[in-house]
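entry-v8.txt follows (compact mmCIF, N, CA and C atoms):
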```txt
# COMPACT_ATOMS: atom_id res chain seq x y z
N MET U 19 -67.30 17.67 -12.41
CA MET U 19 -66.41 18.25 -13.39
C MET U 19 -65.06 17.52 -13.39
N LEU U 20 -64.52 17.24 -12.20
CA LEU U 20 -63.25 16.54 -12.10
C LEU U 20 -63.35 15.14 -12.69
N GLU U 21 -64.47 14.48 -12.45
CA GLU U 21 -64.65 13.13 -12.97
C GLU U 21 -64.67 13.12 -14.50
N LYS U 22 -65.24 14.12 -15.09
CA LYS U 22 -65.29 14.22 -16.55
C LYS U 22 -63.88 14.39 -17.13
N ASN U 23 -63.03 15.17 -16.46
CA ASN U 23 -61.67 15.38 -16.93
C ASN U 23 -60.84 14.10 -16.85
N LEU U 24 -61.06 13.29 -15.82
CA LEU U 24 -60.32 12.05 -15.68
C LEU U 24 -60.69 11.06 -16.78
N ASN U 25 -61.96 11.01 -17.15
CA ASN U 25 -62.41 10.07 -18.16
C ASN U 25 -62.03 10.52 -19.57
N SER U 26 -61.80 11.79 -19.77
CA SER U 26 -61.50 12.29 -21.11
C SER U 26 -60.02 12.17 -21.46
N GLU U 27 -59.15 11.81 -20.49
CA GLU U 27 -57.73 11.66 -20.79
C GLU U 27 -57.49 10.42 -21.63
N LYS U 28 -56.60 10.55 -22.59
CA LYS U 28 -56.28 9.43 -23.47
C LYS U 28 -55.38 8.42 -22.74
N LYS U 29 -55.74 7.15 -22.83
CA LYS U 29 -54.93 6.10 -22.20
C LYS U 29 -53.73 5.82 -23.10
N THR U 30 -52.61 5.58 -22.46
CA THR U 30 -51.39 5.28 -23.20
C THR U 30 -50.97 3.83 -22.97
N ASN U 31 -49.95 3.43 -23.66
CA ASN U 31 -49.41 2.09 -23.49
C ASN U 31 -48.29 2.05 -22.46
N ALA U 32 -48.17 3.06 -21.65
CA ALA U 32 -47.09 3.12 -20.66
C ALA U 32 -47.15 1.94 -19.70
N ARG U 33 -48.35 1.52 -19.34
CA ARG U 33 -48.47 0.41 -18.38
C ARG U 33 -47.89 -0.88 -18.95
N TRP U 34 -48.03 -1.08 -20.28
CA TRP U 34 -47.47 -2.28 -20.90
C TRP U 34 -45.95 -2.17 -21.00
N ASN U 35 -45.45 -0.99 -21.25
CA ASN U 35 -44.00 -0.78 -21.27
C ASN U 35 -43.40 -1.08 -19.90
N ILE U 36 -44.05 -0.59 -18.86
CA ILE U 36 -43.58 -0.84 -17.50
C ILE U 36 -43.67 -2.33 -17.18
N PHE U 37 -44.75 -2.97 -17.58
CA PHE U 37 -44.91 -4.41 -17.34
C PHE U 37 -43.78 -5.19 -17.99
N PHE U 38 -43.46 -4.91 -19.24
CA PHE U 38 -42.41 -5.64 -19.94
C PHE U 38 -41.03 -5.34 -19.34
N MET U 39 -40.80 -4.10 -18.93
CA MET U 39 -39.53 -3.78 -18.29
C MET U 39 -39.39 -4.54 -16.97
N LEU U 40 -40.45 -4.60 -16.19
CA LEU U 40 -40.40 -5.35 -14.93
C LEU U 40 -40.21 -6.84 -15.18
N ALA U 41 -40.85 -7.36 -16.22
CA ALA U 41 -40.68 -8.78 -16.55
C ALA U 41 -39.23 -9.07 -16.93
N ILE U 42 -38.62 -8.20 -17.70
CA ILE U 42 -37.22 -8.38 -18.08
C ILE U 42 -36.31 -8.29 -16.86
N ILE U 43 -36.56 -7.32 -16.00
CA ILE U 43 -35.75 -7.16 -14.79
C ILE U 43 -35.89 -8.37 -13.88
N CYS U 44 -37.11 -8.90 -13.73
CA CYS U 44 -37.32 -10.09 -12.89
C CYS U 44 -36.61 -11.30 -13.48
N THR U 45 -36.60 -11.41 -14.79
CA THR U 45 -35.90 -12.53 -15.44
C THR U 45 -34.40 -12.43 -15.21
N ILE U 46 -33.84 -11.26 -15.36
CA ILE U 46 -32.41 -11.06 -15.11
C ILE U 46 -32.10 -11.35 -13.65
N ASN U 47 -32.95 -10.90 -12.75
CA ASN U 47 -32.76 -11.13 -11.32
C ASN U 47 -32.76 -12.63 -11.01
N TYR U 48 -33.68 -13.36 -11.59
CA TYR U 48 -33.76 -14.80 -11.37
C TYR U 48 -32.52 -15.51 -11.90
N ILE U 49 -32.09 -15.16 -13.10
CA ILE U 49 -30.90 -15.77 -13.69
C ILE U 49 -29.67 -15.45 -12.85
N ASP U 50 -29.58 -14.22 -12.37
CA ASP U 50 -28.46 -13.78 -11.55
C ASP U 50 -28.37 -14.61 -10.28
N ARG U 51 -29.50 -14.81 -9.61
CA ARG U 51 -29.50 -15.60 -8.38
C ARG U 51 -29.13 -17.05 -8.64
N ALA U 52 -29.59 -17.60 -9.75
CA ALA U 52 -29.29 -19.00 -10.06
C ALA U 52 -27.82 -19.17 -10.44
N VAL U 53 -27.28 -18.25 -11.19
CA VAL U 53 -25.91 -18.37 -11.69
C VAL U 53 -24.89 -18.22 -10.56
N ILE U 54 -25.13 -17.35 -9.61
CA ILE U 54 -24.15 -17.16 -8.53
C ILE U 54 -23.97 -18.45 -7.73
N SER U 55 -25.04 -19.20 -7.54
CA SER U 55 -24.94 -20.46 -6.80
C SER U 55 -24.20 -21.52 -7.61
N VAL U 56 -24.44 -21.56 -8.90
CA VAL U 56 -23.79 -22.55 -9.76
C VAL U 56 -22.31 -22.23 -9.93
N CYS U 57 -21.97 -20.97 -10.03
CA CYS U 57 -20.59 -20.56 -10.29
C CYS U 57 -19.72 -20.46 -9.03
N MET U 58 -20.33 -20.50 -7.86
CA MET U 58 -19.56 -20.28 -6.64
C MET U 58 -18.43 -21.30 -6.43
N PRO U 59 -18.59 -22.59 -6.75
CA PRO U 59 -17.43 -23.49 -6.58
C PRO U 59 -16.22 -23.09 -7.42
N GLN U 60 -16.45 -22.68 -8.66
CA GLN U 60 -15.34 -22.25 -9.51
C GLN U 60 -14.74 -20.94 -9.00
N ILE U 61 -15.58 -20.03 -8.58
CA ILE U 61 -15.09 -18.76 -8.03
C ILE U 61 -14.24 -19.02 -6.79
N THR U 62 -14.73 -19.93 -5.93
CA THR U 62 -14.01 -20.27 -4.70
C THR U 62 -12.64 -20.85 -5.02
N GLU U 63 -12.59 -21.73 -6.01
CA GLU U 63 -11.32 -22.36 -6.39
C GLU U 63 -10.35 -21.34 -6.98
N GLU U 64 -10.83 -20.50 -7.88
CA GLU U 64 -9.94 -19.54 -8.56
C GLU U 64 -9.42 -18.46 -7.62
N LEU U 65 -10.24 -18.03 -6.70
CA LEU U 65 -9.84 -16.94 -5.81
C LEU U 65 -9.40 -17.42 -4.43
N ALA U 66 -9.40 -18.72 -4.22
CA ALA U 66 -8.94 -19.34 -2.97
C ALA U 66 -9.69 -18.79 -1.76
N PHE U 67 -11.01 -18.75 -1.86
CA PHE U 67 -11.82 -18.31 -0.74
C PHE U 67 -12.00 -19.43 0.27
N SER U 68 -12.04 -19.08 1.53
CA SER U 68 -12.35 -20.05 2.58
C SER U 68 -13.87 -20.23 2.63
N PRO U 69 -14.35 -21.30 3.25
CA PRO U 69 -15.80 -21.48 3.37
C PRO U 69 -16.49 -20.32 4.10
N GLU U 70 -15.80 -19.72 5.05
CA GLU U 70 -16.36 -18.57 5.77
C GLU U 70 -16.54 -17.37 4.84
N THR U 71 -15.56 -17.15 3.97
CA THR U 71 -15.64 -16.04 3.02
C THR U 71 -16.76 -16.27 2.02
N VAL U 72 -16.89 -17.49 1.53
CA VAL U 72 -17.97 -17.82 0.60
C VAL U 72 -19.33 -17.59 1.28
N GLY U 73 -19.44 -18.01 2.52
CA GLY U 73 -20.67 -17.79 3.27
C GLY U 73 -20.99 -16.31 3.42
N ALA U 74 -19.98 -15.51 3.70
CA ALA U 74 -20.19 -14.06 3.84
C ALA U 74 -20.60 -13.44 2.51
N ILE U 75 -19.97 -13.88 1.42
CA ILE U 75 -20.30 -13.33 0.10
C ILE U 75 -21.74 -13.67 -0.28
N LEU U 76 -22.11 -14.95 -0.15
CA LEU U 76 -23.48 -15.35 -0.49
C LEU U 76 -24.49 -14.70 0.44
N SER U 77 -24.13 -14.58 1.70
CA SER U 77 -25.03 -13.94 2.67
C SER U 77 -25.26 -12.47 2.29
N ALA U 78 -24.18 -11.76 1.97
CA ALA U 78 -24.31 -10.36 1.59
C ALA U 78 -25.13 -10.21 0.31
N PHE U 79 -24.92 -11.12 -0.62
CA PHE U 79 -25.65 -11.08 -1.89
C PHE U 79 -27.15 -11.24 -1.65
N PHE U 80 -27.53 -12.23 -0.85
CA PHE U 80 -28.96 -12.49 -0.63
C PHE U 80 -29.58 -11.52 0.39
N TRP U 81 -28.80 -10.99 1.32
CA TRP U 81 -29.35 -9.98 2.23
C TRP U 81 -29.74 -8.72 1.46
N GLY U 82 -28.99 -8.40 0.44
CA GLY U 82 -29.35 -7.25 -0.39
C GLY U 82 -30.72 -7.42 -1.01
N TYR U 83 -31.02 -8.63 -1.50
CA TYR U 83 -32.35 -8.90 -2.04
C TYR U 83 -33.41 -8.80 -0.95
N ALA U 84 -33.12 -9.38 0.20
CA ALA U 84 -34.10 -9.38 1.29
C ALA U 84 -34.40 -7.96 1.77
N LEU U 85 -33.38 -7.14 1.91
CA LEU U 85 -33.58 -5.77 2.40
C LEU U 85 -34.34 -4.90 1.40
N MET U 86 -34.17 -5.16 0.13
CA MET U 86 -34.84 -4.34 -0.88
C MET U 86 -36.30 -4.74 -1.11
N GLN U 87 -36.74 -5.85 -0.53
CA GLN U 87 -38.12 -6.28 -0.71
C GLN U 87 -39.10 -5.24 -0.14
N ILE U 88 -38.78 -4.67 0.99
CA ILE U 88 -39.69 -3.72 1.62
C ILE U 88 -39.83 -2.43 0.80
N PRO U 89 -38.73 -1.73 0.47
CA PRO U 89 -38.92 -0.51 -0.32
C PRO U 89 -39.47 -0.78 -1.73
N CYS U 90 -39.07 -1.88 -2.33
CA CYS U 90 -39.58 -2.17 -3.68
C CYS U 90 -41.07 -2.51 -3.64
N GLY U 91 -41.49 -3.23 -2.62
CA GLY U 91 -42.92 -3.53 -2.47
C GLY U 91 -43.72 -2.26 -2.25
N TRP U 92 -43.18 -1.36 -1.45
CA TRP U 92 -43.86 -0.09 -1.19
C TRP U 92 -43.96 0.72 -2.49
N LEU U 93 -42.86 0.77 -3.26
CA LEU U 93 -42.87 1.52 -4.51
C LEU U 93 -43.87 0.91 -5.52
N CYS U 94 -43.92 -0.41 -5.58
CA CYS U 94 -44.87 -1.05 -6.50
C CYS U 94 -46.31 -0.75 -6.09
N ASP U 95 -46.58 -0.77 -4.80
CA ASP U 95 -47.93 -0.45 -4.33
C ASP U 95 -48.26 1.02 -4.59
N ARG U 96 -47.27 1.87 -4.42
CA ARG U 96 -47.50 3.32 -4.56
C ARG U 96 -47.72 3.72 -6.02
N PHE U 97 -46.93 3.17 -6.93
CA PHE U 97 -47.00 3.60 -8.32
C PHE U 97 -47.60 2.53 -9.19
```
Do you think you could lay out the structure here as C-alpha cells?
Amino acid sequence: MLEKNLNSEKKTNARWNIFFMLAIICTINYIDRAVISVCMPQITEELAFSPETVGAILSAFFWGYALMQIPCGWLCDRF
C-alpha cells in the first residue's frame, strides 16, 4: 500500500530549480575566489596592508570555504 502511494505522487520540477540554483551559486563562488586573488594587490596598496595582514585575510577567506565543505557535503548527501 505504501509503495502505491509513493508511485502515485506527481513529480515536480523542484529538482531542476535546485540544480540551477546550485549551479548559479557555484559560479558565483568560483568568480569570488578568482577575483579576490586578482584584486588583492590593489586592495593591499589602497589599504596599506602588510604582507602578514594579506596572508591572514586570504587565509581566513579560504579557511571559511574549507570549513564549510563538511557541513555542506553532509547537507547535499542528506537532501
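For the pair atom CA of U:Met39 and atom N of U:Trp92, the interatomic distance is 17.4 Å.
The gap separating atom C of U:Phe38 from atom N of U:Val53 is 20.5 Å, in Å to one decimal.
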With 8 Å of padding per side, what axis-aligned box (centre and edge lengths, Å, one decimal) covers all the listed atoms of stretch 72-82 of chain U? Give it as JSON.
```
{"center_x": -23.8, "center_y": -12.6, "center_z": 1.0, "size_x": 29.8, "size_y": 26.8, "size_z": 21.7}
```
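Residues in contact with stretch 68-85 of chain U at up to 10 Å, not including ones fewer than 2 positions away on its chain and judged by only C-alpha atoms, are U:Asn47, U:Arg51, U:Ile54, U:Ser55, U:Met58, U:Pro59, U:Ile61, U:Thr62, U:Glu63, U:Leu65, U:Ala66, U:Gln87, U:Ile88, U:Pro89, U:Cys90.
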Next on the checklist: To one decimal place in Å, what is the distance between atom CA of U:Cys44 and atom N of U:Met86?
Outcome noted: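 Atom CA of U:Cys44 sits 14.3 Å away from atom N of U:Met86.
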